[in-house]
>>> print(open('data.txt').read())   # compact mmCIF, C-alpha atoms
# COMPACT_ATOMS: atom_id res chain seq x y z
CA MET A 1 -40.85 20.47 -16.94
CA ASP A 2 -43.01 20.20 -20.03
CA ILE A 3 -41.45 18.03 -22.74
CA THR A 4 -43.80 19.60 -25.30
CA ASP A 5 -42.37 23.06 -24.56
CA ILE A 6 -38.80 21.86 -25.03
CA LYS A 7 -39.67 20.17 -28.34
CA GLY A 8 -41.41 23.39 -29.42
CA ASN A 9 -38.28 25.39 -28.58
CA ILE A 10 -36.16 23.03 -30.65
CA ASP A 11 -38.50 23.33 -33.65
CA GLU A 12 -38.50 27.13 -33.45
CA LEU A 13 -34.73 27.28 -33.07
CA LYS A 14 -34.37 25.10 -36.16
CA GLY A 15 -36.68 27.52 -37.99
CA LEU A 16 -34.45 30.46 -37.04
CA LEU A 17 -31.39 28.44 -38.06
CA SER A 18 -32.82 27.87 -41.53
CA GLN A 19 -33.23 31.66 -41.94
CA SER A 20 -29.83 32.62 -40.55
CA LYS A 21 -26.95 33.36 -42.94
CA ARG A 22 -24.09 34.43 -40.68
CA PRO A 23 -21.80 31.58 -39.50
CA VAL A 24 -21.38 32.92 -35.95
CA VAL A 25 -25.14 33.32 -35.45
CA ARG A 26 -25.67 29.83 -36.86
CA ASP A 27 -23.09 28.52 -34.36
CA LEU A 28 -25.05 30.11 -31.51
CA LEU A 29 -28.32 28.61 -32.65
CA GLU A 30 -26.77 25.17 -33.19
CA ALA A 31 -25.24 25.30 -29.70
CA GLU A 32 -28.61 26.11 -28.15
CA ILE A 33 -30.36 23.37 -30.17
CA LYS A 34 -27.76 20.91 -28.88
CA ARG A 35 -28.32 22.10 -25.30
CA GLN A 36 -32.09 21.77 -25.60
CA ASN A 37 -31.74 18.26 -27.03
CA GLY A 38 -29.48 17.41 -24.10
CA ILE A 39 -32.14 18.54 -21.63
CA LEU A 40 -34.79 16.58 -23.51
CA SER A 41 -32.73 13.39 -23.51
CA THR A 42 -32.20 13.40 -19.75
CA ILE A 43 -35.75 13.99 -18.50
CA ASP A 44 -36.65 10.72 -16.80
CA LYS A 45 -34.34 8.96 -19.24
CA PRO A 46 -31.00 8.29 -17.53
CA LYS A 47 -28.48 6.45 -19.64
CA PRO A 48 -28.73 2.71 -19.02
CA VAL A 49 -25.89 1.06 -17.18
CA VAL A 50 -23.79 -1.38 -19.20
CA ALA A 51 -24.97 -4.95 -18.78
CA ALA A 52 -23.47 -6.80 -15.84
CA ALA A 53 -20.68 -9.32 -16.23
CA LYS A 54 -21.94 -12.74 -17.25
CA GLY A 55 -22.32 -15.14 -14.37
CA LEU A 56 -22.56 -12.55 -11.58
CA PRO A 57 -25.94 -11.62 -10.11
CA THR A 58 -26.78 -7.90 -10.11
CA LYS A 59 -28.40 -6.21 -7.15
CA LYS A 60 -30.14 -2.86 -7.41
CA ILE A 61 -29.09 -0.31 -4.80
CA ASN A 62 -32.21 1.12 -3.20
CA ASN A 63 -30.77 2.61 -0.04
CA TYR A 64 -28.38 5.55 -0.14
CA ALA A 65 -27.88 8.86 1.61
CA TRP A 66 -27.13 12.28 0.18
CA ASP A 67 -26.28 15.81 1.18
CA GLU A 68 -25.30 18.99 -0.59
CA THR A 69 -23.21 22.11 -0.44
CA ASN A 70 -23.64 25.22 -2.54
CA LYS A 71 -21.41 23.72 -5.23
CA ALA A 72 -21.96 19.95 -5.17
CA VAL A 73 -24.17 17.02 -4.19
CA LYS A 74 -22.73 13.90 -2.58
CA ILE A 75 -24.45 10.50 -2.74
CA TYR A 76 -23.28 7.91 -0.24
CA ILE A 77 -23.53 4.19 -1.01
CA THR A 78 -22.75 2.07 2.06
CA GLY A 79 -23.14 -1.46 3.31
CA ILE A 80 -22.38 -3.28 0.06
CA LYS A 81 -18.97 -4.52 1.16
CA GLU A 82 -16.78 -4.90 4.21
CA ALA A 83 -13.53 -3.13 4.88
CA GLY A 84 -10.77 -4.87 2.93
CA GLN A 85 -13.04 -6.23 0.20
CA GLN A 86 -12.35 -4.92 -3.27
CA ILE A 87 -14.62 -3.56 -6.00
CA GLU A 88 -13.23 -5.04 -9.21
CA LYS A 89 -14.50 -2.26 -11.48
CA VAL A 90 -16.36 1.03 -11.06
CA GLU A 91 -18.37 2.24 -14.09
CA PRO A 92 -20.09 5.63 -13.66
CA THR A 93 -22.20 7.32 -16.33
CA PHE A 94 -22.89 11.02 -15.79
CA ASP A 95 -25.36 13.06 -17.79
CA SER A 96 -26.54 16.63 -17.27
CA ARG A 97 -29.50 15.52 -15.14
CA SER A 98 -28.84 11.88 -14.30
CA VAL A 99 -26.25 9.48 -12.94
CA SER A 100 -25.88 5.71 -13.29
CA VAL A 101 -23.24 3.59 -11.55
CA MET A 102 -22.26 -0.06 -11.87
CA LEU A 103 -20.02 -1.51 -9.15
CA ARG A 104 -18.71 -4.79 -10.51
CA GLY A 105 -17.35 -7.76 -8.64
CA VAL A 106 -18.23 -6.91 -5.04
CA ALA A 107 -18.06 -10.16 -3.06
CA GLY A 108 -19.39 -12.11 -6.05
CA LYS A 109 -22.07 -9.61 -7.02
CA ASN A 110 -22.58 -6.53 -9.16
CA HIS A 111 -24.39 -3.53 -7.66
CA THR A 112 -26.15 -0.87 -9.69
CA LEU A 113 -27.64 2.55 -8.90
CA THR A 114 -29.51 4.82 -11.32
CA ILE A 115 -30.90 8.25 -10.43
CA GLY A 116 -32.63 10.32 -13.10
CA ASN A 117 -34.55 13.59 -13.15
CA LEU A 118 -32.09 15.35 -10.85
CA LYS A 119 -33.28 18.58 -9.28
CA GLY A 120 -30.68 20.58 -11.22
CA THR A 121 -28.05 20.14 -13.91
CA ILE A 122 -24.55 18.91 -13.18
CA ASN A 123 -21.10 19.40 -14.65
CA VAL A 124 -20.45 16.03 -16.27
CA GLU A 125 -16.69 16.51 -16.65
CA GLU A 126 -16.09 17.46 -13.01
CA SER A 127 -18.43 14.93 -11.37
CA SER A 128 -16.76 11.81 -9.98
CA ILE A 129 -16.99 8.65 -7.86
CA LYS A 130 -14.57 7.09 -5.40
CA THR A 131 -14.70 3.85 -3.45
CA THR A 132 -14.88 3.79 0.36
CA LYS A 133 -14.45 1.12 3.02
CA THR A 134 -18.07 -0.01 2.75
CA GLY A 135 -19.14 1.22 -0.71
CA ALA A 136 -18.68 4.38 -2.75
CA THR A 137 -19.29 8.13 -2.72
CA ILE A 138 -20.57 9.95 -5.81
CA THR A 139 -19.84 13.67 -6.16
CA LEU A 140 -22.10 15.60 -8.53
CA VAL A 141 -20.72 19.06 -9.24
CA LYS A 142 -23.53 21.55 -9.83
CA SER A 143 -23.56 23.48 -13.11
CA SER A 144 -24.31 26.63 -11.12
CA PRO A 145 -24.05 27.22 -7.35
CA GLY A 146 -27.24 27.05 -5.33
CA ASN A 147 -29.38 24.98 -2.99
CA TRP A 148 -31.42 22.14 -4.51
CA GLY A 149 -33.33 21.18 -1.37
CA SER A 150 -34.13 17.76 -2.83
CA LEU A 151 -32.19 15.29 -4.96
CA LYS A 152 -34.84 14.75 -7.63
CA ALA A 153 -37.15 17.23 -9.30
CA SER A 154 -40.89 17.05 -8.78
CA LYS A 155 -43.47 17.67 -11.48
CA ASP A 156 -44.01 21.17 -10.11
CA ASP A 157 -40.33 22.17 -10.24
CA LYS A 158 -39.29 24.64 -12.89
CA VAL A 159 -35.99 23.53 -14.38
CA ASP A 160 -34.13 25.86 -16.72
CA GLU A 161 -35.36 25.02 -20.21
CA GLY A 162 -33.33 27.70 -21.94
CA PRO A 163 -34.63 30.70 -23.85
CA LYS A 164 -38.22 30.81 -25.10
CA VAL A 165 -38.85 31.45 -28.78
CA ASP A 166 -41.78 33.65 -29.78
CA LYS A 167 -42.96 32.26 -33.11
CA ASP A 168 -45.24 35.26 -33.71
CA ALA A 169 -42.52 37.88 -33.26
CA ASP A 170 -40.74 39.73 -36.06
CA PRO A 171 -37.80 37.46 -37.13
CA ASN A 172 -35.18 40.15 -36.45
CA ALA A 173 -36.70 41.11 -33.10
CA GLY A 174 -37.14 37.46 -32.25
CA MET A 175 -33.47 36.81 -32.96
CA MET A 176 -32.40 39.61 -30.63
CA SER A 177 -34.78 38.49 -27.89
CA LEU A 178 -33.42 34.96 -28.20
CA MET A 179 -29.80 36.13 -28.04
CA LYS A 180 -30.50 38.24 -24.94
CA GLN A 181 -32.12 35.27 -23.22
CA MET A 182 -29.25 33.01 -24.26
CA TYR A 183 -26.79 35.54 -22.83
CA GLU A 184 -28.66 35.85 -19.53
CA THR A 185 -29.09 32.09 -19.01
CA GLY A 186 -26.00 30.77 -20.77
CA ASP A 187 -22.65 29.68 -19.39
CA ASP A 188 -19.34 31.51 -19.94
CA ASN A 189 -18.77 29.86 -23.32
CA MET A 190 -22.20 30.96 -24.56
CA LYS A 191 -21.62 34.53 -23.37
CA GLN A 192 -18.26 34.56 -25.12
CA MET A 193 -19.81 33.41 -28.40
CA ILE A 194 -22.51 36.10 -28.21
CA ASN A 195 -19.96 38.81 -27.39
CA LYS A 196 -17.93 37.68 -30.39
CA THR A 197 -20.99 37.87 -32.65
CA MET A 198 -21.83 41.41 -31.55
CA TYR A 199 -18.21 42.55 -31.69
CA GLU A 200 -17.72 41.31 -35.26
CA SER A 201 -21.00 42.92 -36.30
CA GLN A 202 -20.03 46.29 -34.79
CA MET A 203 -16.57 46.22 -36.37
CA LYS A 204 -17.99 45.52 -39.83
CA GLN A 205 -20.50 48.34 -39.44
CA ARG A 206 -17.72 50.76 -38.47
CA ASN A 207 -15.64 49.69 -41.45
CA GLY A 208 -18.56 50.18 -43.79
CA GLU A 209 -18.79 46.49 -44.64
CA GLY A 210 -22.30 46.04 -43.30
CA GLY A 211 -22.97 44.08 -40.15
CA SER A 212 -25.18 41.16 -39.34
CA GLY A 213 -28.28 43.32 -39.40
CA LEU A 214 -28.70 42.79 -35.67
CA PRO A 215 -30.00 45.77 -33.67
CA ASP A 216 -28.30 47.08 -30.53
CA MET A 217 -28.32 44.71 -27.54
CA GLY A 218 -28.05 47.49 -24.99
CA ASP A 219 -26.02 46.57 -21.92
CA LEU A 220 -24.87 43.30 -23.47
CA GLY A 221 -22.70 45.26 -25.88
CA ALA A 222 -20.90 47.11 -23.09
CA GLY A 223 -17.18 46.48 -23.03
CA LEU A 224 -16.98 44.96 -26.50
CA ASP A 225 -14.34 47.50 -27.51
CA ASN A 226 -12.06 45.89 -24.93
CA LEU A 227 -12.19 42.45 -26.52
>>> encode(input="data.txt", output="structure tokens")
Amino acid sequence: MDITDIKGNIDELKGLLSQSKRPVVRDLLEAEIKRQNGILSTIDKPKPVVAAAKGLPTKKINNYAWDETNKAVKIYITGIKEAGQQIEKVEPTFDSRSVSVMLRGVAGKNHTLTIGNLKGTINVEESSIKTTKTGATITLVKSSPGNWGSLKASKDDKVDEGPKVDKDADPNAGMMSLMKQMYETGDDNMKQMINKTMYESQMKQRNGEGGSGLPDMGDLGAGLDNL
């Protein structure tokens, strides 16, 4: 993934935002800018784990196992405690493409694991961690089903960077191209926002109030009358 490309997308999106007048369109652009910034913040930059408790040594976890299903990735941490020993506190930090975990108070030590640059994006709200007899198991729920094949992305992997912005295109055409790309690559909430934008525009045009000035989006407008 090229950080320069993502920063360029953010700059172009901000340029479109400065030209946009309609609140719903501005909401769409702001949502995509936020998403792009989220991707940028997680590339090789996992959130740091909170500092360990004073007085306890901290050991970095280097050995772990992992496997995956179509919907989730599991990371297995073993061998840091014996059956019956307690972990005083479990502190996970999930981001869209990274995970950090601090296991506090394990037989007089803290243990920490940080994995950044994940192969794909994860659902932060649904990801979780639970303790086991000898350690802990982390479950990373994938943002979209599919096979990763590896836990971390390589420099040659193409990770979804969101829609591309053509700075040389006509502003109106560029807006429509952007919205189509956002619809095709976005989640259900993004699709719902775009459908709402097009529906409101069509209704205003029918009522003679003037729409958003957005041209037809073809198949993306299908079914809007049923909203």
>>> residues_near_point(input="data.txt", point="(-13.7, -7.0, -5.6)", cutoff="9 Å", atoms="all atoms listed in the file", output="ChimeraX atom specification")
/A:81,85-89,104-109
>>> closest_residue(input="data.txt", among="A:Val99, A:Leu17, A:Ala65, A:Ile10", to="Ile39 in chain A", atoms="only C-alpha atoms")
A:Ile10
>>> closest_residue(input="data.txt", among="A:Ile138, A:Val73, A:Ile194, A:Leu103", to="Thr58 in chain A", atoms="only C-alpha atoms")
A:Leu103
>>> atom_distance(input="data.txt", atom1="CA of Asn9 in chain A", atom2="CA of Val24 in chain A")
19.9 Å
>>> residues_around(input="data.txt", residues="range 111-117 of chain A", least_positions_apart="4", cutoff="6 Å", atoms="all atoms listed in the file", output="PDB file with C-alpha atoms, keeping the file's coordinate frame")
ATOM      1  CA  ILE A  43     -35.750  13.990 -18.500  1.00  0.00           C
ATOM      2  CA  ASP A  44     -36.650  10.720 -16.800  1.00  0.00           C
ATOM      3  CA  PRO A  46     -31.000   8.290 -17.530  1.00  0.00           C
ATOM      4  CA  THR A  58     -26.780  -7.900 -10.110  1.00  0.00           C
ATOM      5  CA  LYS A  59     -28.400  -6.210  -7.150  1.00  0.00           C
ATOM      6  CA  LYS A  60     -30.140  -2.860  -7.410  1.00  0.00           C
ATOM      7  CA  ILE A  61     -29.090  -0.310  -4.800  1.00  0.00           C
ATOM      8  CA  ARG A  97     -29.500  15.520 -15.140  1.00  0.00           C
ATOM      9  CA  SER A  98     -28.840  11.880 -14.300  1.00  0.00           C
ATOM     10  CA  VAL A  99     -26.250   9.480 -12.940  1.00  0.00           C
ATOM     11  CA  SER A 100     -25.880   5.710 -13.290  1.00  0.00           C
ATOM     12  CA  VAL A 101     -23.240   3.590 -11.550  1.00  0.00           C
ATOM     13  CA  MET A 102     -22.260  -0.060 -11.870  1.00  0.00           C
ATOM     14  CA  LEU A 103     -20.020  -1.510  -9.150  1.00  0.00           C
ATOM     15  CA  LYS A 152     -34.840  14.750  -7.630  1.00  0.00           C
ATOM     16  CA  ALA A 153     -37.150  17.230  -9.300  1.00  0.00           C
TER      17      ALA A 153
END
>>> atom_distance(input="data.txt", atom1="CA of Gly146 in chain A", atom2="CA of Lys180 in chain A")
22.8 Å
>>> closest_residue(input="data.txt", among="A:Ile80, A:Ile129, A:Val124, A:Ala72", to="Asn147 in chain A", atoms="only C-alpha atoms")
A:Ala72
>>> atom_distance(input="data.txt", atom1="CA of Tyr64 in chain A", atom2="CA of Thr134 in chain A")
12.1 Å
>>> closest_residue(input="data.txt", among="A:Pro57, A:Pro92, A:Gly8, A:Gly135", to="Ile33 in chain A", atoms="only C-alpha atoms")
A:Gly8
